[in-house]
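Contents: one structure, followed by commentary.
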Amino acid sequence: MYHDRRGIALTTRNAASLPHLDAAVTSFLSHRRDTPAHLEAAFAEDPDLAVAHAFSGFLALLLGRAELFPEARLALQRTQASLARRGGTARERGLADALACWCEGEMELAADRLDEMLATNPLDALTAKLVQSLRFMLGDADGMRRSVETILPAWSETVPGYGFVLGCHAFALEETGELAAGEHAGRLGLEYENRDVWGCHAVAHVHEARGALGAGIAWIAAHADRWNSVNNFARHMDWHRALLHFARSETERVVEIYDRQIRDVRTDDYRDITNAASLLYRLEATGIDVGRRWAELADLAERRLNDRALVFAQLHYMLCLVGDRRWDAAYRLFGAMDIEARVGQGTQARLLADLGVPLAKTLLASFGADRKAATSAAVTLRSDVSRLGGSHAQRQTFERILRVAEEQQRQSSPHPATLRGDAHRSPPRRTQLAALALAR
């Protein structure tokens, strides 16, 4: 039996695959863009490596794109075939079980299965990070914290990757309101592992939550060298930098960051789109003319009207479409969301029914100046927004939309921050009501 660098047993016929698998795990912990390359190197040494196949399946699902579900299912089949041929450890079978749950749409069950595995393998860094990533997508900050605090006693500075685990703890602490403890854990983690961008990110969140805007900008700038080799997480950090400048009313700087760092490459990764859309919404809500920047995002959103992978992504696609006043496409997206909420299965379908469809209805009505329809859906939703996933900062866009709708319930005049004020581009009343009638 072979073991990885933290002593976790692995089933393989070629020990030469292990350094590449270890490198892939470290790359994943570091949010680096070369994780798939390291996995390919591991497959070159052992094409039947069950852990690597399961890992690749999770990576596909973490991208939040419906077209990658077949790739994840293929990875699951390869994992299961390897286990059938070679046998495998309980941990390897657990990874397959958790991947199967997610492939069936049951994200909570997948996260629970991964946490069960950590109970017997607390030094399993891959599984620990998968739990954090999955519960982050579920908006389960308490679960993130519970998971990492369960395994933390088994870790120390003598275990490779200790700093990454501290970084996970830092972010979970921040998201559950323990700002001082989160900052301490994040800074300490960076002392042990200077590649830990997640912990660095957690400290940036702390500065933002405290309103320490200058300190937050300085913190991100001081650690900019860490972003050179990471994946699109670098753009997310630029988004945080833009938010800090926005809070200081430095809107020209915000627009500059948007153009030069956030949308310098016009990707269709949902995480990049959410960064951009939420920033444009903030700018326009304060009266800033963003020109034709919505159009580029709306073009991408219009290509993903039937992507049901994540409600969080779908709502941002909706935001892009209504931001550019593409009502027909917005209503088609709303209709697709409503149908999935009615007939779909799994975590995201349930979330659509409970939260996604009502919030999409509020979005459509708010931007279309139908205040009554907006407020009818808004009042009961704000306490549930965390279920969309992401961080507090990422959910602020929807929280603000709901606050505006609530305020409109108390006031008879239109809200002064109605975007762009282009009432002549509001949707026809008949079309608007027909779309809203689809709501449950």
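Ligands are numbered from 1 in the order shown, residues from 1 within each chain, and chains are lettered A, B, ... in the order they appear in the structure tokens.
Close contacts of segment 66-80 of chain A, defined as residues with an atom at most 7 Å away when counting only C-alpha atoms, with chain neighbours fewer than 3 positions off set aside, comprise Ala50, His53, Ala54, Ser56, Gly57, Phe58, Ala60, Leu61, Leu83, Ala84, Ala96, Leu99, Ala100, Cys103, Asp307, Arg308 and Ala309 of chain A.
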Spatial neighbours of Phe43 of chain A, max dist 9 Å, only C-alpha atoms, sep filter under 2 positions, as a PyMOL selection string: chain A and resi 17+20-21+38-41+45-49+52-53
Would you mind exporting the chosen residues as a PDB file, in the first residue's frame, restricted to C-alpha atoms?
```
ATOM      1  CA  SER A  17       1.947   8.769  -9.897  1.00  0.00           C
ATOM      2  CA  HIS A  20       1.973  14.282  -9.385  1.00  0.00           C
ATOM      3  CA  LEU A  21      -1.171  13.631  -7.350  1.00  0.00           C
ATOM      4  CA  HIS A  38      -0.689  17.762 -12.532  1.00  0.00           C
ATOM      5  CA  LEU A  39      -3.626  15.356 -12.731  1.00  0.00           C
ATOM      6  CA  GLU A  40      -2.765  14.559 -16.341  1.00  0.00           C
ATOM      7  CA  ALA A  41       0.791  13.792 -15.252  1.00  0.00           C
ATOM      8  CA  GLU A  45       1.884   7.174 -14.682  1.00  0.00           C
ATOM      9  CA  ASP A  46      -1.319   5.364 -13.668  1.00  0.00           C
ATOM     10  CA  PRO A  47      -4.339   5.780 -15.992  1.00  0.00           C
ATOM     11  CA  ASP A  48      -6.515   3.884 -13.519  1.00  0.00           C
ATOM     12  CA  LEU A  49      -5.808   6.028 -10.453  1.00  0.00           C
ATOM     13  CA  ALA A  52      -7.357  11.194  -9.489  1.00  0.00           C
ATOM     14  CA  HIS A  53     -10.493  10.282 -11.452  1.00  0.00           C
TER      15      HIS A  53
END
```
Shell of 8 Å around segment 130-146 of chain A, only C-alpha atoms, local chain residues under 5 positions omitted, as a ChimeraX atom specification: /A:58,62,107-108,111,114-115,168-169,172-173,175-176,386-391
Excluding same-chain residues fewer than 3 positions from segment 183-200 of chain A, what lies within 8 Å of it counting only C-alpha atoms, as a PDB file with N, CA and C atoms, in the first residue's frame?
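Final output, selection16.pdb:
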```pdb
ATOM      1  N   LEU A  29      -5.310  23.356  -3.399  1.00  0.00           N
ATOM      2  CA  LEU A  29      -5.320  24.123  -2.155  1.00  0.00           C
ATOM      3  C   LEU A  29      -4.886  25.563  -2.387  1.00  0.00           C
ATOM      4  N   SER A  30      -4.016  25.760  -3.374  1.00  0.00           N
ATOM      5  CA  SER A  30      -3.449  27.079  -3.665  1.00  0.00           C
ATOM      6  C   SER A  30      -4.268  27.870  -4.668  1.00  0.00           C
ATOM      7  N   HIS A  31      -5.352  27.271  -5.195  1.00  0.00           N
ATOM      8  CA  HIS A  31      -6.161  27.911  -6.237  1.00  0.00           C
ATOM      9  C   HIS A  31      -5.322  28.237  -7.473  1.00  0.00           C
ATOM     10  N   GLU A 157       2.078  22.341  12.622  1.00  0.00           N
ATOM     11  CA  GLU A 157       3.074  22.863  11.670  1.00  0.00           C
ATOM     12  C   GLU A 157       3.953  21.769  11.081  1.00  0.00           C
ATOM     13  N   GLY A 161       1.040  21.387   4.472  1.00  0.00           N
ATOM     14  CA  GLY A 161      -0.221  22.024   4.127  1.00  0.00           C
ATOM     15  C   GLY A 161      -0.974  22.620   5.304  1.00  0.00           C
ATOM     16  N   TYR A 162      -0.347  22.660   6.466  1.00  0.00           N
ATOM     17  CA  TYR A 162      -1.004  23.191   7.662  1.00  0.00           C
ATOM     18  C   TYR A 162      -1.551  24.600   7.432  1.00  0.00           C
ATOM     19  N   GLY A 163      -0.780  25.430   6.748  1.00  0.00           N
ATOM     20  CA  GLY A 163      -1.212  26.802   6.502  1.00  0.00           C
ATOM     21  C   GLY A 163      -2.502  26.882   5.706  1.00  0.00           C
ATOM     22  N   PHE A 164      -2.706  25.939   4.787  1.00  0.00           N
ATOM     23  CA  PHE A 164      -3.939  25.934   4.004  1.00  0.00           C
ATOM     24  C   PHE A 164      -5.158  25.659   4.885  1.00  0.00           C
ATOM     25  N   VAL A 165      -4.994  24.762   5.855  1.00  0.00           N
ATOM     26  CA  VAL A 165      -6.103  24.451   6.760  1.00  0.00           C
ATOM     27  C   VAL A 165      -6.408  25.665   7.641  1.00  0.00           C
ATOM     28  N   LEU A 166      -5.367  26.361   8.084  1.00  0.00           N
ATOM     29  CA  LEU A 166      -5.594  27.588   8.841  1.00  0.00           C
ATOM     30  C   LEU A 166      -6.320  28.621   7.988  1.00  0.00           C
ATOM     31  N   GLY A 167      -6.005  28.678   6.708  1.00  0.00           N
ATOM     32  CA  GLY A 167      -6.694  29.599   5.817  1.00  0.00           C
ATOM     33  C   GLY A 167      -8.170  29.279   5.684  1.00  0.00           C
ATOM     34  N   CYS A 168      -8.497  27.986   5.598  1.00  0.00           N
ATOM     35  CA  CYS A 168      -9.902  27.578   5.569  1.00  0.00           C
ATOM     36  C   CYS A 168     -10.607  27.973   6.863  1.00  0.00           C
ATOM     37  N   HIS A 169      -9.907  27.787   7.977  1.00  0.00           N
ATOM     38  CA  HIS A 169     -10.483  28.182   9.261  1.00  0.00           C
ATOM     39  C   HIS A 169     -10.699  29.686   9.301  1.00  0.00           C
ATOM     40  N   ALA A 170      -9.740  30.443   8.780  1.00  0.00           N
ATOM     41  CA  ALA A 170      -9.839  31.899   8.790  1.00  0.00           C
ATOM     42  C   ALA A 170     -11.089  32.380   8.071  1.00  0.00           C
ATOM     43  N   PHE A 171     -11.325  31.823   6.890  1.00  0.00           N
ATOM     44  CA  PHE A 171     -12.482  32.269   6.122  1.00  0.00           C
ATOM     45  C   PHE A 171     -13.785  31.870   6.811  1.00  0.00           C
ATOM     46  N   GLU A 174     -14.421  34.235   9.656  1.00  0.00           N
ATOM     47  CA  GLU A 174     -14.892  35.542   9.184  1.00  0.00           C
ATOM     48  C   GLU A 174     -16.356  35.484   8.780  1.00  0.00           C
ATOM     49  N   LEU A 179     -14.440  38.034  13.520  1.00  0.00           N
ATOM     50  CA  LEU A 179     -13.498  38.774  12.681  1.00  0.00           C
ATOM     51  C   LEU A 179     -12.070  38.746  13.237  1.00  0.00           C
ATOM     52  N   ALA A 180     -11.915  38.987  14.522  1.00  0.00           N
ATOM     53  CA  ALA A 180     -10.572  39.012  15.090  1.00  0.00           C
ATOM     54  C   ALA A 180      -9.905  37.643  14.982  1.00  0.00           C
ATOM     55  N   VAL A 203      -8.495  37.501   5.183  1.00  0.00           N
ATOM     56  CA  VAL A 203      -8.084  38.728   5.876  1.00  0.00           C
ATOM     57  C   VAL A 203      -8.632  39.952   5.143  1.00  0.00           C
ATOM     58  N   ALA A 204      -8.658  39.910   3.817  1.00  0.00           N
ATOM     59  CA  ALA A 204      -9.258  41.002   3.048  1.00  0.00           C
ATOM     60  C   ALA A 204     -10.737  41.152   3.408  1.00  0.00           C
ATOM     61  N   VAL A 206     -12.059  40.418   6.253  1.00  0.00           N
ATOM     62  CA  VAL A 206     -12.129  41.008   7.592  1.00  0.00           C
ATOM     63  C   VAL A 206     -12.016  42.524   7.515  1.00  0.00           C
ATOM     64  N   HIS A 223       0.097  41.803  -1.123  1.00  0.00           N
ATOM     65  CA  HIS A 223       0.156  40.374  -1.435  1.00  0.00           C
ATOM     66  C   HIS A 223      -0.116  40.097  -2.913  1.00  0.00           C
ATOM     67  N   ARG A 226       1.160  37.079  -5.028  1.00  0.00           N
ATOM     68  CA  ARG A 226       0.557  35.751  -4.918  1.00  0.00           C
ATOM     69  C   ARG A 226      -0.424  35.465  -6.044  1.00  0.00           C
ATOM     70  N   TRP A 227      -0.864  36.478  -6.766  1.00  0.00           N
ATOM     71  CA  TRP A 227      -1.908  36.272  -7.764  1.00  0.00           C
ATOM     72  C   TRP A 227      -1.358  35.840  -9.115  1.00  0.00           C
TER      73      TRP A 227
END
```
Spatial neighbours of Leu300 of chain A, 10 Å, only C-alpha atoms, chain gap at least 3 places, as a PyMOL selection string: chain A and resi 266-270+273+295-297+303-305+317+320-321
For each of A:Gly344, A:Tyr331, A:Arg271, A:Ala285, take the minimum atom-to-atom distance to Asn231 of chain A, counting only C-alpha atoms, then give the residue where this is smallest.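 Closest to Asn231 of chain A of all the choices is A:Arg271.
Atom to atom, atom CA of Asp34 of chain A and atom CA of Ala16 of chain A stand 18.7 Å apart.
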Could you tell me which of A:Leu118, A:Asn275, A:Ala202, A:Ala110 comes closest to Gln394 of chain A if we count only C-alpha atoms?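 That would be A:Asn275, the residue with the smallest distance to Gln394 of chain A.
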Interatomic distance (Å, one decimal) between atom CA of Asp272 of chain A and atom CA of Asp328 of chain A: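 If I compute the distance from atom CA of Asp272 of chain A to atom CA of Asp328 of chain A, I get 23.8 Å.
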Of the candidates A:Met318, A:Leu355, A:Ala393, A:Leu363, which one gets nearest to Leu244 of chain A if we count only C-alpha atoms? A:Ala393
I need the helix (DSSP H, G or I) residues of segment 56-160 of chain A per DSSP on the backbone, written as a PyMOL selection string. chain A and resi 56-62+66-86+90-103+107-120+125-137+141-154
